[in-house]
Number of protein chains: 2
Amino acid sequence: MAQDLVIGIDVGGQTTKCGIVDARGTVLAQTVIRSDNHEEAAPFIAELAEALNRIIAEAKAEGRIRGIGVGAPNGNYYTGTIENAPNLKWGHTGKVEFAKMLSEQMNGIPVSLTNDANAAAVGEMTYGAARGMKNFIMITLGTGVGSGIVINGEVVYGHDGFAGELGHTCAVRHNGRQCGCGKHGCLETYCSAIGVARTAREWLEMSDEPSELRSLDKITSKDVYDAAKDGDQLALKIFDFTGRILGEKLADFIEFSSPEAIVLFGGLARSKEFLTEPILKAMNENVLPLWRDKIKLVYSQLKESDAAILGASALAWEL
Amino acid sequence: MAQDLVIGIDVGGQTTKCGIVDARGTVLAQTVIRSDNHEEAAPFIAELAEALNRIIAEAKAEGRIRGIGVGAPNGNYYTGTIENAPNLKWGHTGKVEFAKMLSEQMNGIPVSLTNDANAAAVGEMTYGAARGMKNFIMITLGTGVGSGIVINGEVVYGHDGFAGELGHTCAVRHNGRQCGCGKHGCLETYCSAIGVARTAREWLEMSDEPSELRSLDKITSKDVYDAAKDGDQLALKIFDFTGRILGEKLADFIEFSSPEAIVLFGGLARSKEFLTEPILKAMNENVLPLWRDKIKLVYSQLKESDAAILGASALAWEL
């Protein structure tokens, strides 16, 4: 029987989504299991394998799985391991031989693994907004800021498998915000969902400017979006600020690898109506004249509910 | 007869150096012509071809030239053209079909062309400090700051052939120095030979600190080096400042492509006794913990007088 299908797995801190995908990017069957039911990797992977076998049976896909692609925090493409992933209960210390262990549980089906942002980039190149592009940079604006860099049609993994940590490049050199990584001023402390909420809290405290955000107990980036929709001036300024910082750093990235496009993805990218203009303005002001107004800014075209599975599954076509 | 030799050509604003090189990186014959004797590219290229034929005869290399590699400002690898190169008398406007024109003059010997920093990176990978490395970033600290980025053993050219403009990434976001490119705060306004001299002039004006540099009419980076050698405190602080700014940006570059090493080259790199420590300190303080104290900082191993020819010649082996 032809091996015409792949499996995509997106490992998150709380849940792990998996699905069976065909060459057109249709998700034929999918399921979700909890990521945090086990203290050790082995029983988690055993439970994951069971779940996979269930959807394989459901999709009548026995013998048709060509490979399995996994996107996971701190996933290393070269070694197939997950190393020191702070958000994974069974992976926060040491090294988990994830790809090897899963492949053994799945009767030797090959497994390829990378971090979630790299998986998203491969997904976008295979099924989404970057189809046909050989040089682009994917920026995922979620809880943090992730990135997947594609050069000559290949994801950049670097000498050790960990390249593409653009969320931790320096956006604010002096008095920058403390980042979870231990450094200060990282891009992700400003341009993630959490960064936007942090800007809102700081600005509300620093000024008396009226804003509907003042009435809220706990502010999320979604609240800032809703306020901006209502024409709230402070909320609009928060998006201007966020977009400008991101645009300034994108200019640096363009000077590095001269991509055809920047692809934005993730929860915060849903605020594109407020982000696009300040991003483009700052990006074009800060880039060398030869690239001014020439590099595209595009948004993910993958259906959000399927994107994580599709991204991971795309890795498996390369196996 | 075996095609066992290549030609390397380094096109500069004033002079153009060319040499015949064997597979071990020995320069068998070389010559220099002026770059600025002609207003148009065609007569310059005709004169260059004559010079090449002279050294081919001298080295008894007729029929043995496998290819010609050219490093030139604004050289585009994809198109073989030199575009809007401000320092070249015959190339400061429009597009010169350099590779095509030279190949025609040389009886069809294939010609490969790129910018000088990319050529230096290929040279270092072929004959120098980066031999055996597949992932490194070459930074040339000369009049300006150039860069050549190697990922998976290949120079990064980007979607348009112009990638690797790290000298124009932003080092100082607010009130940064005006750069020749029209932007402000570019790395090269601080970390080039000209940048070091500029720092010296600014600091001498801003303070009364005693320094032997005060007695000089026109300060060059070499003067600052000599003063530092004499233990001049202001000169030492200038190198600390320069090294710190470079180290901070190198951290960003490491987070992009996770290179095995950074290779420094060029006139200013000769001040390594004063630069290495502040560069490493700032680089390691600003990079994610996973790379701290792990990325090598090395200096070019090519003999300076041959380096430009060797770099360009290395391109030709890939033809």
# chains A, B, ... in the order shown; residues from 1 in each chain; ligands from 1
>>> select_by_dssp(residues="stretch 99-289 of chain A", states="helix (DSSP H, G or I)", output="PyMOL selection string")
chain A and resi 99-105+116-127+166-168+188-191+193-206+212-215+221-229+233-257+267-286+289
>>> interface_residues(of="chain A", to="chain B", cutoff="7 Å", atoms="only C-alpha atoms", output="compact mmCIF listing (two decimals) with C-alpha atoms, in the first residue's frame")
# COMPACT_ATOMS: atom_id res chain seq x y z
CA ASN A 135 13.69 32.50 1.69
CA ILE A 151 17.04 29.95 3.62
CA VAL A 156 18.11 27.02 9.56
CA GLY A 158 22.61 26.14 13.11
CA HIS A 159 25.60 24.15 14.26
CA PHE A 162 18.97 25.54 18.15
CA ALA A 163 19.17 28.42 15.65
CA GLY A 164 16.30 30.87 15.20
CA GLU A 165 15.80 32.31 18.67
CA LEU A 166 14.78 35.72 17.36
CA THR A 169 17.43 39.14 20.31
CA CYS A 170 17.73 42.50 22.02
CA CYS A 181 15.44 33.58 29.87
CA LYS A 183 18.32 38.47 29.96
CA ASP A 252 17.85 43.71 11.43
CA GLU A 255 19.79 42.62 6.77
CA PHE A 256 20.89 39.20 7.94
CA SER A 257 19.24 36.85 5.46
CA SER A 258 17.39 39.03 2.94
CA PRO A 259 14.13 37.06 2.98
CA GLU A 260 11.44 37.47 0.34
CA ASN A 286 15.22 50.88 9.58
CA LEU A 288 18.88 49.55 4.02
>>> select_by_dssp(residues="stretch 73-167 of chain A", states="strand (DSSP E)", output="list in words")
Gly75, Asn76, Thr81, Ile82, Glu83, Lys95, Val96, Val111, Ser112, Leu113, Thr114, Phe136, Ile137, Met138, Ile139, Thr140, Leu141, Val145, Gly146, Ser147, Gly148, Ile149, Val150, Ile151, Glu154 and Val155 of chain A
>>> atom_distance(atom1="atom CA of A:Val21", atom2="atom CA of A:Leu297")
27.7 Å
>>> residues_around(residues="B:Glu202", least_positions_apart="2", cutoff="12 Å", atoms="only C-alpha atoms", output="ChimeraX atom specification")
/B:177,190,195-200,204-208,213-214,219,234,238
>>> write_last_selection(atoms="N, CA and C atoms", output="mmCIF file, in the first residue's frame")
data_model
loop_
_atom_site.group_PDB
_atom_site.id
_atom_site.type_symbol
_atom_site.label_atom_id
_atom_site.label_comp_id
_atom_site.auth_asym_id
_atom_site.auth_seq_id
_atom_site.Cartn_x
_atom_site.Cartn_y
_atom_site.Cartn_z
ATOM 1 N N ARG B 177 24.781 57.296 15.558
ATOM 2 C CA ARG B 177 25.536 58.070 14.575
ATOM 3 C C ARG B 177 24.972 57.945 13.163
ATOM 4 N N TYR B 190 30.271 52.466 14.454
ATOM 5 C CA TYR B 190 30.982 52.331 15.730
ATOM 6 C C TYR B 190 32.167 51.362 15.647
ATOM 7 N N GLY B 195 34.863 54.203 12.530
ATOM 8 C CA GLY B 195 34.071 54.341 13.751
ATOM 9 C C GLY B 195 34.943 54.545 14.980
ATOM 10 N N VAL B 196 36.055 53.822 15.046
ATOM 11 C CA VAL B 196 36.966 53.945 16.193
ATOM 12 C C VAL B 196 37.572 55.356 16.217
ATOM 13 N N ALA B 197 37.972 55.856 15.060
ATOM 14 C CA ALA B 197 38.533 57.208 14.998
ATOM 15 C C ALA B 197 37.476 58.238 15.401
ATOM 16 N N ARG B 198 36.237 57.977 14.999
ATOM 17 C CA ARG B 198 35.126 58.887 15.320
ATOM 18 C C ARG B 198 34.880 58.903 16.832
ATOM 19 N N THR B 199 34.924 57.719 17.448
ATOM 20 C CA THR B 199 34.760 57.638 18.904
ATOM 21 C C THR B 199 35.854 58.457 19.581
ATOM 22 N N ALA B 200 37.093 58.316 19.089
ATOM 23 C CA ALA B 200 38.210 59.044 19.680
ATOM 24 C C ALA B 200 37.964 60.550 19.586
ATOM 25 N N LEU B 204 37.389 62.918 22.888
ATOM 26 C CA LEU B 204 38.375 63.962 23.193
ATOM 27 C C LEU B 204 37.682 65.310 23.349
ATOM 28 N N GLU B 205 36.642 65.502 22.554
ATOM 29 C CA GLU B 205 35.923 66.764 22.613
ATOM 30 C C GLU B 205 35.054 66.854 23.862
ATOM 31 N N MET B 206 34.489 65.724 24.235
ATOM 32 C CA MET B 206 33.531 65.707 25.339
ATOM 33 C C MET B 206 34.164 65.782 26.728
ATOM 34 N N SER B 207 35.446 65.418 26.840
ATOM 35 C CA SER B 207 36.060 65.385 28.170
ATOM 36 C C SER B 207 37.426 66.061 28.139
ATOM 37 N N ASP B 208 37.992 66.235 29.317
ATOM 38 C CA ASP B 208 39.334 66.816 29.417
ATOM 39 C C ASP B 208 40.365 65.749 29.758
ATOM 40 N N LEU B 213 46.487 61.070 22.413
ATOM 41 C CA LEU B 213 45.770 61.320 21.154
ATOM 42 C C LEU B 213 45.504 62.817 20.946
ATOM 43 N N ARG B 214 45.514 63.582 22.047
ATOM 44 C CA ARG B 214 45.230 65.023 21.948
ATOM 45 C C ARG B 214 46.243 65.770 21.087
ATOM 46 N N ILE B 219 43.130 61.843 13.629
ATOM 47 C CA ILE B 219 43.283 60.568 14.331
ATOM 48 C C ILE B 219 42.775 59.411 13.477
ATOM 49 N N LEU B 234 42.488 56.504 27.814
ATOM 50 C CA LEU B 234 41.370 56.851 26.939
ATOM 51 C C LEU B 234 41.314 55.890 25.743
ATOM 52 N N ILE B 238 38.354 53.324 24.593
ATOM 53 C CA ILE B 238 37.745 53.330 23.254
ATOM 54 C C ILE B 238 37.612 51.894 22.726
#
>>> closest_residue(among="B:Leu268, B:Leu250, B:Ile20, B:Leu319", to="B:Ile295", atoms="only C-alpha atoms")
B:Leu250
